[in-house]
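Asks: Pasting a structure here, questions to come.
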Amino acid sequence: MDIDRLIADRAKRIDASGIRRVFDLGARLKDPINLSIGQPDFPVPEPIKQAAIDAIRNNQNGYTQTQGIASLRQRIVEHLKADVNWDVDPRPLASADASKPGVMVTSGTSGALMLAFQVLLDPGDEAIIPDPYFVMYPHVCTMVGARPVLCDTYPDFRMTAERVERLITPRTKLVLLNSPSNPAGVVASNRDCRELLELCRARNVLLISDEIYDTFTYADAREPSPLGAGAPRCPSPARFPGAADDVLLIRGFGKTYGVTGWRLGYAAGPRRIIEEISKLQQYTFVCAPSALQHGAVACFDVDMSAQIADYQKRRDTVVSRLSKVTEVTVPGGAFYAFVKVPERLGLTAGAFIDRCLERGLLVIPGNVFSKRDTHFRLSYATDTRSLERGLAVLEDLMR
Ligand SMILES: Cc1ncc(COP(=O)(O)O)c(C=O)c1O
């Protein structure tokens, strides 16, 4: 059978060869120094595991409401009130106060992004995404027939209103902000968030804020809330007055608590959009994994500050060592650094990565996340020994 004839252009248009090549080569290495990993290396806190185990034992294994279990929605709503001062109604959408923003639990942050793009983008529409980007962003655009418009954020990796404004056209439906960012770990400032929100409002474009790494914002990148209350936190456009009408806020549990395989995230924002996302979830994912939603309820009582402080120390090590041999933008959050291949080496990032592989080091070339091939992503979500070994190889190759 001519299988190729059967494959839709939607799938054919997606080229996953760059990242696959790195992983294939990595799989062939004996005892690789793996600095390519996009998930935390700490163990999942015990109370979270226990809550999921209890749910399975208590037979909470069936479908849940499309929107998520009531106890988890309740905790998310309380958290959003305390964190961004949104008044979300935790009741099911059908009975909730129509004047309030909506919320729903999704199958990972990816599930929320995928459904949001399906809800918002018609073929030919445009979505403005940062470059460098999280690998999924351009592909979800392509999957719905929309056009990803890349906002070049080099060299500081800030998605500013000034950079975005010139890309807006009558076909633009959304702007996607990711802070702290993957792959650069860059945190938007309060000012960046406010200006981007004002721009999107003025041009009638939805601002989607992917805040999957929000908890992993280091002390030096936190800022006081524009609301005036509480300790400094990761800046968010959601915290500005009236933002719940104009911002789709997407957050997750995977990275913060080390449960990436549980596939849990949530989306909150304009009620009409949440209703449409919920409708599509009903006919696709159906619901997020049920027992694990019960596990996620326990997340809200777990303090991750020790893990964040530990990652901040690793960040400091990476920056202090690599900045002696190349350019590296100081990450304010997440657990990545986006490192420039020194120009004096005269190499593309792809060619530099080959040299790393020869030395047993696995990092991800920048062209997996970008139109450019000048940087690579290093993840410091790994044990101290691997990080030490990896940094030593990089220092050696860059000298
Ligand atoms: C910026 C960003 N958004 C979304 C995701 C997807 O997260 P999830 O595992 O919750 O689907 C990732 C995962 O790496 C990410 O880095």
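By convention here, the chains of the structure tokens are called A, B, ... in the order presented, each chain's residues are numbered starting at 1, and ligands are numbered starting at 1 in the order presented.
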With only C-alpha atoms and all ligand atoms counted, collect every polymer residue having an atom within 6 Å of ligand 1; state the result as a list in words.

Replies: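 Sorted by chain and then by number, the residues are Gly38, Gly108, Thr109, Ser110, Phe134, Asn178, Ser181, Asn182, Asp210, Ile212, Gly252, Gly254, Thr260, Arg263, Leu264 and Gly265 of chain A.
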
Asks: Find the spatial neighbours of region 93-104 of chain A, counting only C-alpha atoms, within a cut-off of 10 Å - ignore same-chain residues fewer than 4 positions away - and output them as number ranges by chain.

Replies: A: 65-69, 72-74, 76-77, 80, 86-89, 112, 243-245, 248-250, 265-275, 277-278, 281, 287-288

Asks: Create the file for the chosen residues now, containing N, CA and C atoms and written as an mmCIF file, in the first residue's frame.

Replies:
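The result, stored in part-v2.cif:
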```cif
data_model
loop_
_atom_site.group_PDB
_atom_site.id
_atom_site.type_symbol
_atom_site.label_atom_id
_atom_site.label_comp_id
_atom_site.auth_asym_id
_atom_site.auth_seq_id
_atom_site.Cartn_x
_atom_site.Cartn_y
_atom_site.Cartn_z
ATOM 1 N N GLN A 65 -15.522 15.039 35.231
ATOM 2 C CA GLN A 65 -16.153 16.097 34.435
ATOM 3 C C GLN A 65 -15.124 16.618 33.440
ATOM 4 N N THR A 66 -15.549 17.024 32.270
ATOM 5 C CA THR A 66 -14.635 17.534 31.241
ATOM 6 C C THR A 66 -13.748 18.633 31.812
ATOM 7 N N GLN A 67 -14.339 19.456 32.637
ATOM 8 C CA GLN A 67 -13.649 20.639 33.149
ATOM 9 C C GLN A 67 -12.668 20.321 34.281
ATOM 10 N N GLY A 68 -12.715 19.087 34.788
ATOM 11 C CA GLY A 68 -11.841 18.702 35.899
ATOM 12 C C GLY A 68 -12.632 18.473 37.169
ATOM 13 N N ILE A 69 -12.022 17.755 38.142
ATOM 14 C CA ILE A 69 -12.753 17.443 39.378
ATOM 15 C C ILE A 69 -12.973 18.724 40.197
ATOM 16 N N LEU A 72 -10.167 20.003 42.619
ATOM 17 C CA LEU A 72 -9.000 20.619 41.985
ATOM 18 C C LEU A 72 -9.364 22.004 41.448
ATOM 19 N N ARG A 73 -10.518 22.109 40.844
ATOM 20 C CA ARG A 73 -10.946 23.433 40.350
ATOM 21 C C ARG A 73 -11.005 24.430 41.497
ATOM 22 N N GLN A 74 -11.518 23.953 42.624
ATOM 23 C CA GLN A 74 -11.619 24.836 43.793
ATOM 24 C C GLN A 74 -10.235 25.345 44.216
ATOM 25 N N ILE A 76 -7.505 25.527 42.394
ATOM 26 C CA ILE A 76 -6.952 26.416 41.351
ATOM 27 C C ILE A 76 -7.566 27.813 41.489
ATOM 28 N N VAL A 77 -8.857 27.834 41.704
ATOM 29 C CA VAL A 77 -9.555 29.128 41.809
ATOM 30 C C VAL A 77 -9.031 29.922 43.019
ATOM 31 N N LEU A 80 -5.623 31.212 42.096
ATOM 32 C CA LEU A 80 -5.664 32.342 41.155
ATOM 33 C C LEU A 80 -6.117 33.622 41.858
ATOM 34 N N TRP A 86 -7.855 37.086 40.362
ATOM 35 C CA TRP A 86 -8.999 36.823 39.483
ATOM 36 C C TRP A 86 -10.130 36.197 40.306
ATOM 37 N N ASP A 87 -11.344 36.587 39.987
ATOM 38 C CA ASP A 87 -12.520 35.997 40.632
ATOM 39 C C ASP A 87 -13.117 34.964 39.707
ATOM 40 N N VAL A 88 -12.549 33.771 39.727
ATOM 41 C CA VAL A 88 -13.053 32.707 38.861
ATOM 42 C C VAL A 88 -14.127 31.946 39.635
ATOM 43 N N ASP A 89 -15.195 31.583 38.955
ATOM 44 C CA ASP A 89 -16.249 30.800 39.594
ATOM 45 C C ASP A 89 -15.890 29.320 39.440
ATOM 46 N N ALA A 112 -3.799 22.177 26.824
ATOM 47 C CA ALA A 112 -4.449 23.495 26.852
ATOM 48 C C ALA A 112 -4.056 24.303 25.620
ATOM 49 N N ALA A 243 -7.370 41.965 33.491
ATOM 50 C CA ALA A 243 -6.673 41.043 32.581
ATOM 51 C C ALA A 243 -7.491 39.785 32.283
ATOM 52 N N ALA A 244 -8.347 39.389 33.206
ATOM 53 C CA ALA A 244 -9.091 38.138 32.992
ATOM 54 C C ALA A 244 -9.976 38.204 31.753
ATOM 55 N N ASP A 245 -10.236 39.414 31.256
ATOM 56 C CA ASP A 245 -11.045 39.550 30.036
ATOM 57 C C ASP A 245 -10.206 39.383 28.771
ATOM 58 N N LEU A 248 -5.466 34.702 28.209
ATOM 59 C CA LEU A 248 -5.694 33.285 28.482
ATOM 60 C C LEU A 248 -4.456 32.785 29.211
ATOM 61 N N LEU A 249 -4.655 32.423 30.462
ATOM 62 C CA LEU A 249 -3.545 32.028 31.320
ATOM 63 C C LEU A 249 -3.442 30.499 31.307
ATOM 64 N N ILE A 250 -2.246 30.014 30.957
ATOM 65 C CA ILE A 250 -2.054 28.559 30.888
ATOM 66 C C ILE A 250 -0.919 28.182 31.836
ATOM 67 N N GLY A 265 -2.447 20.216 33.393
ATOM 68 C CA GLY A 265 -2.287 21.658 33.345
ATOM 69 C C GLY A 265 -3.651 22.296 33.521
ATOM 70 N N TYR A 266 -3.704 23.608 33.409
ATOM 71 C CA TYR A 266 -5.013 24.250 33.418
ATOM 72 C C TYR A 266 -4.992 25.539 32.621
ATOM 73 N N ALA A 267 -6.180 25.927 32.196
ATOM 74 C CA ALA A 267 -6.344 27.171 31.440
ATOM 75 C C ALA A 267 -7.405 27.994 32.148
ATOM 76 N N ALA A 268 -7.167 29.306 32.229
ATOM 77 C CA ALA A 268 -8.156 30.203 32.836
ATOM 78 C C ALA A 268 -8.199 31.475 32.006
ATOM 79 N N GLY A 269 -9.355 32.085 31.975
ATOM 80 C CA GLY A 269 -9.460 33.337 31.220
ATOM 81 C C GLY A 269 -10.869 33.584 30.737
ATOM 82 N N PRO A 270 -10.986 34.337 29.623
ATOM 83 C CA PRO A 270 -12.319 34.721 29.148
ATOM 84 C C PRO A 270 -13.237 33.501 29.068
ATOM 85 N N ARG A 271 -14.380 33.631 29.677
ATOM 86 C CA ARG A 271 -15.273 32.497 29.837
ATOM 87 C C ARG A 271 -15.671 31.858 28.509
ATOM 88 N N ARG A 272 -15.924 32.686 27.515
ATOM 89 C CA ARG A 272 -16.349 32.138 26.218
ATOM 90 C C ARG A 272 -15.265 31.222 25.636
ATOM 91 N N ILE A 273 -14.019 31.636 25.807
ATOM 92 C CA ILE A 273 -12.917 30.822 25.272
ATOM 93 C C ILE A 273 -12.799 29.512 26.056
ATOM 94 N N ILE A 274 -12.932 29.602 27.367
ATOM 95 C CA ILE A 274 -12.859 28.378 28.188
ATOM 96 C C ILE A 274 -14.007 27.432 27.830
ATOM 97 N N GLU A 275 -15.161 27.991 27.570
ATOM 98 C CA GLU A 275 -16.295 27.136 27.169
ATOM 99 C C GLU A 275 -15.989 26.397 25.870
ATOM 100 N N ILE A 277 -12.989 25.734 24.644
ATOM 101 C CA ILE A 277 -11.914 24.752 24.897
ATOM 102 C C ILE A 277 -12.512 23.499 25.535
ATOM 103 N N SER A 278 -13.402 23.727 26.474
ATOM 104 C CA SER A 278 -14.036 22.609 27.177
ATOM 105 C C SER A 278 -14.827 21.738 26.194
ATOM 106 N N GLN A 281 -12.377 19.713 24.349
ATOM 107 C CA GLN A 281 -11.798 18.674 25.219
ATOM 108 C C GLN A 281 -12.746 17.481 25.346
ATOM 109 N N CYS A 287 -11.110 14.054 29.364
ATOM 110 C CA CYS A 287 -10.784 14.730 30.634
ATOM 111 C C CYS A 287 -9.298 14.504 30.889
ATOM 112 N N ALA A 288 -8.746 15.240 31.851
ATOM 113 C CA ALA A 288 -7.367 14.973 32.260
ATOM 114 C C ALA A 288 -7.375 13.706 33.122
#
```

Asks: Which residues come within 9 Å of His139 (chain A), counting only C-alpha atoms, excluding same-chain residues fewer than 4 positions away, as a ChimeraX atom specification?

Replies: /A:13-15,135,143-144,148

Asks: I'd like to know which of A:Glu276, A:Glu388, A:Asp246, A:Asp122 is closest to Leu196 (chain A), using only C-alpha atoms.

Replies: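 Using only C-alpha atoms, Leu196 (chain A) sits closest to A:Asp246.
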
Asks: Mind checking which residues fall within 12 Å of Asn58 (chain A), counting only C-alpha atoms, ignoring those fewer than 6 positions away in the same chain, and posting them as a list in words?

Replies: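 Counting only C-alpha atoms, the residues come to Gln50, Ala51, Ala52, Ser290, Ala291 and His294 of chain A.
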
Asks: Using DSSP on the backbone coordinates, identify all residues within region 161-320 of chain A classified as alpha helix (DSSP H); present the result as a count of residues only.

Replies: 60

Asks: Could you give me, as a tab-separated table, every region 185-218 of chain A residue with an atom at most 8 Å from region 224-241 of chain A, plus its closest atom pair and distance in Å to one decimal, counting only C-alpha atoms, rows ordered by chain then number?

Replies:
```
residue	atom	partner	partner_atom	distance
A:Val187	CA	A:Cys234	CA	7.4
A:Ala188	CA	A:Pro235	CA	6.5
A:Ser189	CA	A:Pro235	CA	5.9
A:Asn190	CA	A:Pro235	CA	5.2
A:Cys193	CA	A:Pro237	CA	4.7
A:Arg194	CA	A:Pro237	CA	6.0
A:Leu196	CA	A:Pro237	CA	7.9
A:Leu197	CA	A:Pro237	CA	6.3
A:Ser209	CA	A:Pro237	CA	7.4
A:Asp214	CA	A:Cys234	CA	5.9
A:Thr215	CA	A:Cys234	CA	7.4
A:Thr217	CA	A:Cys234	CA	5.8
```

Asks: For the structure I just gave you, how does DSSP split region 63-176 of chain A - specifically, which residues are strand (DSSP E)? Reply as a PyMOL selection string.

Replies: chain A and resi 102-107+126-131+147-152+172-176

Asks: Could you write out that same residue set with N, CA and C atoms as an mmCIF file, in the first residue's frame?

Replies:
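Written file, out31.cif:
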```cif
data_model
loop_
_atom_site.group_PDB
_atom_site.id
_atom_site.type_symbol
_atom_site.label_atom_id
_atom_site.label_comp_id
_atom_site.auth_asym_id
_atom_site.auth_seq_id
_atom_site.Cartn_x
_atom_site.Cartn_y
_atom_site.Cartn_z
ATOM 1 N N GLY A 102 -13.486 31.867 33.340
ATOM 2 C CA GLY A 102 -13.649 30.427 33.495
ATOM 3 C C GLY A 102 -12.312 29.739 33.725
ATOM 4 N N VAL A 103 -12.384 28.498 34.168
ATOM 5 C CA VAL A 103 -11.170 27.700 34.365
ATOM 6 C C VAL A 103 -11.457 26.254 34.011
ATOM 7 N N MET A 104 -10.445 25.560 33.495
ATOM 8 C CA MET A 104 -10.601 24.124 33.293
ATOM 9 C C MET A 104 -9.261 23.409 33.372
ATOM 10 N N VAL A 105 -9.319 22.164 33.815
ATOM 11 C CA VAL A 105 -8.124 21.330 33.930
ATOM 12 C C VAL A 105 -7.911 20.666 32.575
ATOM 13 N N THR A 106 -6.653 20.625 32.137
ATOM 14 C CA THR A 106 -6.364 20.093 30.804
ATOM 15 C C THR A 106 -5.338 18.956 30.884
ATOM 16 N N SER A 107 -5.217 18.240 29.769
ATOM 17 C CA SER A 107 -4.231 17.152 29.703
ATOM 18 C C SER A 107 -2.863 17.750 29.405
ATOM 19 N N GLU A 126 -3.068 34.159 11.863
ATOM 20 C CA GLU A 126 -1.672 34.258 12.310
ATOM 21 C C GLU A 126 -1.583 34.290 13.834
ATOM 22 N N ALA A 127 -0.552 33.621 14.328
ATOM 23 C CA ALA A 127 -0.266 33.622 15.769
ATOM 24 C C ALA A 127 1.171 34.095 15.933
ATOM 25 N N ILE A 128 1.378 35.091 16.769
ATOM 26 C CA ILE A 128 2.733 35.593 16.972
ATOM 27 C C ILE A 128 3.358 34.837 18.145
ATOM 28 N N ILE A 129 4.454 34.173 17.853
ATOM 29 C CA ILE A 129 5.140 33.385 18.875
ATOM 30 C C ILE A 129 6.599 33.845 18.963
ATOM 31 N N PRO A 130 7.216 33.651 20.131
ATOM 32 C CA PRO A 130 8.608 34.087 20.246
ATOM 33 C C PRO A 130 9.545 33.186 19.457
ATOM 34 N N ASP A 131 10.673 33.753 19.033
ATOM 35 C CA ASP A 131 11.782 32.965 18.491
ATOM 36 C C ASP A 131 13.003 33.370 19.305
ATOM 37 N N ARG A 147 -0.698 30.349 10.530
ATOM 38 C CA ARG A 147 0.687 30.701 10.229
ATOM 39 C C ARG A 147 1.379 31.194 11.486
ATOM 40 N N PRO A 148 2.444 30.491 11.903
ATOM 41 C CA PRO A 148 3.197 31.015 13.041
ATOM 42 C C PRO A 148 4.051 32.192 12.580
ATOM 43 N N VAL A 149 3.906 33.318 13.236
ATOM 44 C CA VAL A 149 4.721 34.491 12.899
ATOM 45 C C VAL A 149 5.755 34.636 14.014
ATOM 46 N N LEU A 150 7.016 34.498 13.633
ATOM 47 C CA LEU A 150 8.065 34.449 14.647
ATOM 48 C C LEU A 150 8.511 35.850 15.046
ATOM 49 N N CYS A 151 8.529 36.082 16.341
ATOM 50 C CA CYS A 151 9.026 37.357 16.857
ATOM 51 C C CYS A 151 10.471 37.133 17.297
ATOM 52 N N ASP A 152 11.388 37.704 16.545
ATOM 53 C CA ASP A 152 12.814 37.512 16.845
ATOM 54 C C ASP A 152 13.149 38.237 18.155
ATOM 55 N N THR A 172 -3.910 38.567 12.563
ATOM 56 C CA THR A 172 -3.374 38.133 13.859
ATOM 57 C C THR A 172 -4.509 37.890 14.853
ATOM 58 N N LYS A 173 -4.503 36.701 15.435
ATOM 59 C CA LYS A 173 -5.521 36.390 16.442
ATOM 60 C C LYS A 173 -4.937 36.358 17.850
ATOM 61 N N LEU A 174 -3.672 35.950 17.940
ATOM 62 C CA LEU A 174 -3.123 35.812 19.287
ATOM 63 C C LEU A 174 -1.628 36.079 19.316
ATOM 64 N N VAL A 175 -1.193 36.480 20.508
ATOM 65 C CA VAL A 175 0.233 36.640 20.799
ATOM 66 C C VAL A 175 0.521 35.699 21.958
ATOM 67 N N LEU A 176 1.575 34.924 21.818
ATOM 68 C CA LEU A 176 1.907 33.955 22.859
ATOM 69 C C LEU A 176 3.156 34.403 23.613
#
```

Asks: For Pro183 (chain A), which of A:Tyr311, A:Tyr380, A:Tyr283, A:Phe335 is the closest residue, counting only C-alpha atoms?

Replies: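 So, comparing all the options, the nearest one is A:Phe335.
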